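Novice: To start, I am sharing the structure in question, which I have written as structure tokens.
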Amino acid sequence: MTEPLLEVENVDITYRMDSEDVHAVTNASFEIGANEYFGLVGESGCGKSTLAKSVIKGLDSNGEVSAGTIRYKGREIQDLSEKEYNKEIRWKEISVIPQAAMNSLNPLAKLSDQAIEIANVHTDWSAEKSVDRLKELFDIVGLPESRVTDYPHQFSGGMKQRAIIAMSLLLNPSLIIADEPTTALDVIMQDQFLKHIDGLRDERDLALLLITHDIAVVFETCDSMAVMHGGQIAEKGTTKEIFSTPRHPYTILLQQSFPDARHPDRELEVIEGSPPALREEVDYCTFASRCPWAEQECQESLPPIESMNGNDSHAVSCFRSDEMESLASEHLNTIGRPQANAIENEGYEDDD
Amino acid sequence: MSKIKYYIRRLFVTVLLIFGVVSFLFIAFRLMPGDYATTLAGGGASSSELEEIRESWGLNEPLYMQYYHYMANMVTGDPGTSHVSNEPVLSYVRAPLMNSLILVIPAILVAFTIGSIYGALLGTKSGTAFERYGILPPTLAGTTPNFFIGILLLLIFSSALGWFPVGGMAGYETYAEVESHYEIYLTTDFWSHYVLPFTTIVLTFLYYPALIMRGSVIDVKGQEYTYFQRIAGLPSKTRFKHLMKHSSLPVITLLPAQTATAISGLVLIETVFNWPGIGTLLFDSVLSRDTPVIQFLFIIVAIWIIFGNLIVDIFYTVIDPRITIED
């Protein structure tokens, strides 16, 4: 395996609040290779956006990476100053498709002017060069070139979405962080958006960090993925591994809580309870309080993240991961889940 | 529709509106109780004298003829003659009008500038103690009746401390020295009389721009695109510029309306400070039923509001691209 593009290693992120600290992310590690599409899933408040923001230095002023390292192309970036980061990394190397892509354009400025403004900060491009570049990208995302001088309000929602993709590609980054890009969209727009994202892969050397709460979107789009719960990475691996052989209880239950077109009669799993508030140092498994198979140990110490069956990519953070396969199938048989033979029959990856 | 076409249409509407207001004033003044001729003649006039007055002022003609003369006079820029001074209204009103404008226009501009800056400051510091308590002073000043603020200022700075003169626009000596009326504006005596009424207007009108700017900044600050600009690495100076441009839109809308309010609200402030402006003039004219003068002053205020809105509408199409011009 070549050197990964982005390495997040044992990262803790803490928000300083008035009276107490919130430990939003604990001991998170993952890697994204060049040209790899990586999905980060988890429920609201699990720390996935926080983790992504730490990579792009977009944390709120009271949040900081309190431990661990973030390396981009082998270089530590978590302690770079805003100025250095702006000069060397931001937008040229790592850019962002924000959560509310449709409202992320300045309503009072032409798109071309907004592109010029961004390019001016990071490069010494002339105004014409920036506009030409934007036209090129408009072509790629399927917008008419002539409309670069339009204002955002002259675009439909879908067009704004595509314009934002063009903006994020402006300086030809190697990694794009897409933070819940499909959350505000209806399913048709979602599908279109994912097709565009997917299409980019063929056009250029581009890696993607896709943040979402929708595990189906990740299965559809990404090469590998990580599942987060309560600020911890529960399980990571290739999409195929996690889809067909999930080993963390949260992943298993999460997958069972989505309807499956192949088994319409199946009962959907419900994950009871809610994640802990993370107000004190986290030295336990944050899923333990909701886990049907939790033991004393899970409440008392943090499970290390360990590779499964000597497999390099698939790793799980659970004390009982080895028994999980049998425990889960026992549990699931009682609610009538058919065996997951899953990905071979590709039933629901239905590409028109 | 092109912008030029829009401007032309907007201008046409403006003229129509002014025509409407002028006509309405004609009707309103005819509806007022009392008889012109009796007022003009004063007490104890005989009926033949009254008849003579009616004849000479055209009050015997049918109403539509009166309306025709009235409109013709307005269009040719002749609003009549003041009953009180027997001077043409235009020259009679000119000096008080200038006195008022020189007071109210700078005061409103200063109030809006300080108010917006203060409001923007509150907005950018939202959530802090400064924002919570900082809103109190302008609210207090803005909700206190302006004549009361005026009296308070007089009490403190004129009576107690003796820093500024109590009233009027200039002392007798100054009036004696100057040759034409407008030379007064160049004397220091005038400006020392100017300070207190000016401050009163500024204090009264700080309130709206401060509050609206604060709300607007908080609103715009929370919009998603400001986060995108931050994450895209735009320097804070650039982002601040965008924030201010966007937030100031509602304040700009407020400006002409507030200026008009200030002009019509001048009656009280000018009375308190004995300022020889149109407020005082209006007050005196109403007492002496000097109809042509009152009528003309009303028309001036109406035209000011109508033109102010025209200017804002046109300005908007320049500053805010989202204003679309539709047929």
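Residue names in the structure tokens use chain letters A, B, ... in the order shown, residue numbers from 1 in each chain, and ligand numbers from 1 in the order shown.
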Just the residues within 12 Å of Pro106 of chain B, please, counting only C-alpha atoms, with nothing from its chain fewer than 3 positions along; format it as a PyMOL selection string.

Specialist: chain B and resi 99-103+109-114+194-195+197-199+201-202+205+259+262

Novice: Output the contact residues of chain A with respect to chain B at a cut-off of 6 Å, based on only C-alpha atoms, as a list in words.

Specialist: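 Applying the cut-off to the listed atoms yields Gly58, Asn103, Ser104, Leu105 and Asn106 of chain A.
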
Novice: Convert the current residue selection to file output with N, CA and C atoms, as a PDB file, in the first residue's frame.

Specialist:
ATOM      1  N   GLY A  58     -11.660  23.922  10.639  1.00  0.00           N
ATOM      2  CA  GLY A  58     -12.900  24.693  10.667  1.00  0.00           C
ATOM      3  C   GLY A  58     -13.623  24.544  11.994  1.00  0.00           C
ATOM      4  N   ASN A 103     -27.087  26.944   0.617  1.00  0.00           N
ATOM      5  CA  ASN A 103     -27.059  28.300   1.169  1.00  0.00           C
ATOM      6  C   ASN A 103     -25.640  28.778   1.404  1.00  0.00           C
ATOM      7  N   SER A 104     -24.695  28.136   0.784  1.00  0.00           N
ATOM      8  CA  SER A 104     -23.311  28.456   1.107  1.00  0.00           C
ATOM      9  C   SER A 104     -22.673  29.459   0.163  1.00  0.00           C
ATOM     10  N   LEU A 105     -23.469  29.965  -0.772  1.00  0.00           N
ATOM     11  CA  LEU A 105     -22.918  30.983  -1.657  1.00  0.00           C
ATOM     12  C   LEU A 105     -23.385  32.354  -1.185  1.00  0.00           C
ATOM     13  N   ASN A 106     -22.515  33.311  -1.298  1.00  0.00           N
ATOM     14  CA  ASN A 106     -22.859  34.680  -0.912  1.00  0.00           C
ATOM     15  C   ASN A 106     -23.954  35.210  -1.850  1.00  0.00           C
TER      16      ASN A 106
END

Novice: When you look at Arg71 of chain A with a cut-off of 12 Å (counting only C-alpha atoms), what residues show up, excluding the ones that are within fewer than 4 positions of it in the same chain? I need them as a list of chain:residue names.

Specialist: A:Glu3, A:Pro4, A:Leu5, A:Leu6, A:Glu7, A:Val8, A:Glu9, A:Asn10, A:Val11, A:Ser29, A:Phe30, A:Glu31, A:Ile32, A:Gly33, A:Ser54, A:Val55, A:Ile56, A:Arg75, A:Glu76, A:Ile77, A:Gln78, A:Asp79, A:Leu80, A:Ile89

Novice: Need the shell around Leu266 of chain B: protein/DNA/RNA residues with any atom at most 12 Å away, counting only C-alpha atoms. Skip same-chain ones fewer than 3 positions apart. Format as a ChimeraX atom specification?

Specialist: /B:96-97,99-101,103-105,107-108,146-147,150,197-198,200-201,204,258-263,269-283,301

Novice: List as a compact mmCIF listing (two decimals) with C-alpha atoms, in the first residue's frame the protein and nucleic acid residues near Gly80 of chain B, meaning an atom at most 12 Å away when only C-alpha atoms are counted, but skip any in the same chain fewer than 4 places from it.

Specialist:
# COMPACT_ATOMS: atom_id res chain seq x y z
CA TRP B 57 -59.02 85.43 -3.47
CA HIS B 69 -55.90 77.47 -10.15
CA TYR B 70 -54.35 75.67 -7.21
CA MET B 71 -52.79 73.01 -9.41
CA ALA B 72 -51.66 75.54 -11.99
CA ASN B 73 -49.98 77.55 -9.26
CA MET B 74 -48.27 74.50 -7.81
CA VAL B 75 -46.99 73.37 -11.18
CA THR B 76 -45.60 76.81 -11.94
CA SER B 85 -46.41 88.20 6.41
CA ASN B 86 -47.91 89.06 3.04
CA GLU B 87 -44.74 87.61 1.55
CA PRO B 88 -44.71 84.95 -1.16
CA VAL B 89 -44.68 81.56 0.56
CA LEU B 90 -41.52 80.46 -1.22
CA SER B 91 -39.34 83.25 0.11
CA TYR B 92 -41.13 83.23 3.46
CA VAL B 93 -40.41 79.53 4.00
CA ASP B 290 -51.82 80.67 7.56
CA THR B 291 -53.16 78.07 5.14
CA PRO B 292 -50.86 78.56 2.11
CA VAL B 293 -47.81 78.11 4.35
CA ILE B 294 -49.16 74.99 6.10
CA GLN B 295 -50.17 73.55 2.75
CA PHE B 296 -46.75 74.14 1.29

Novice: By how many Å are atom CA of Leu136 of chain B and atom CA of Thr124 of chain B apart?

Specialist: 16.6 Å

Novice: Could you give me the residues within segment 177-239 of chain B that DSSP places in alpha helix (DSSP H), as a PyMOL selection string?

Specialist: chain B and resi 177+188-221+224-231+236-239
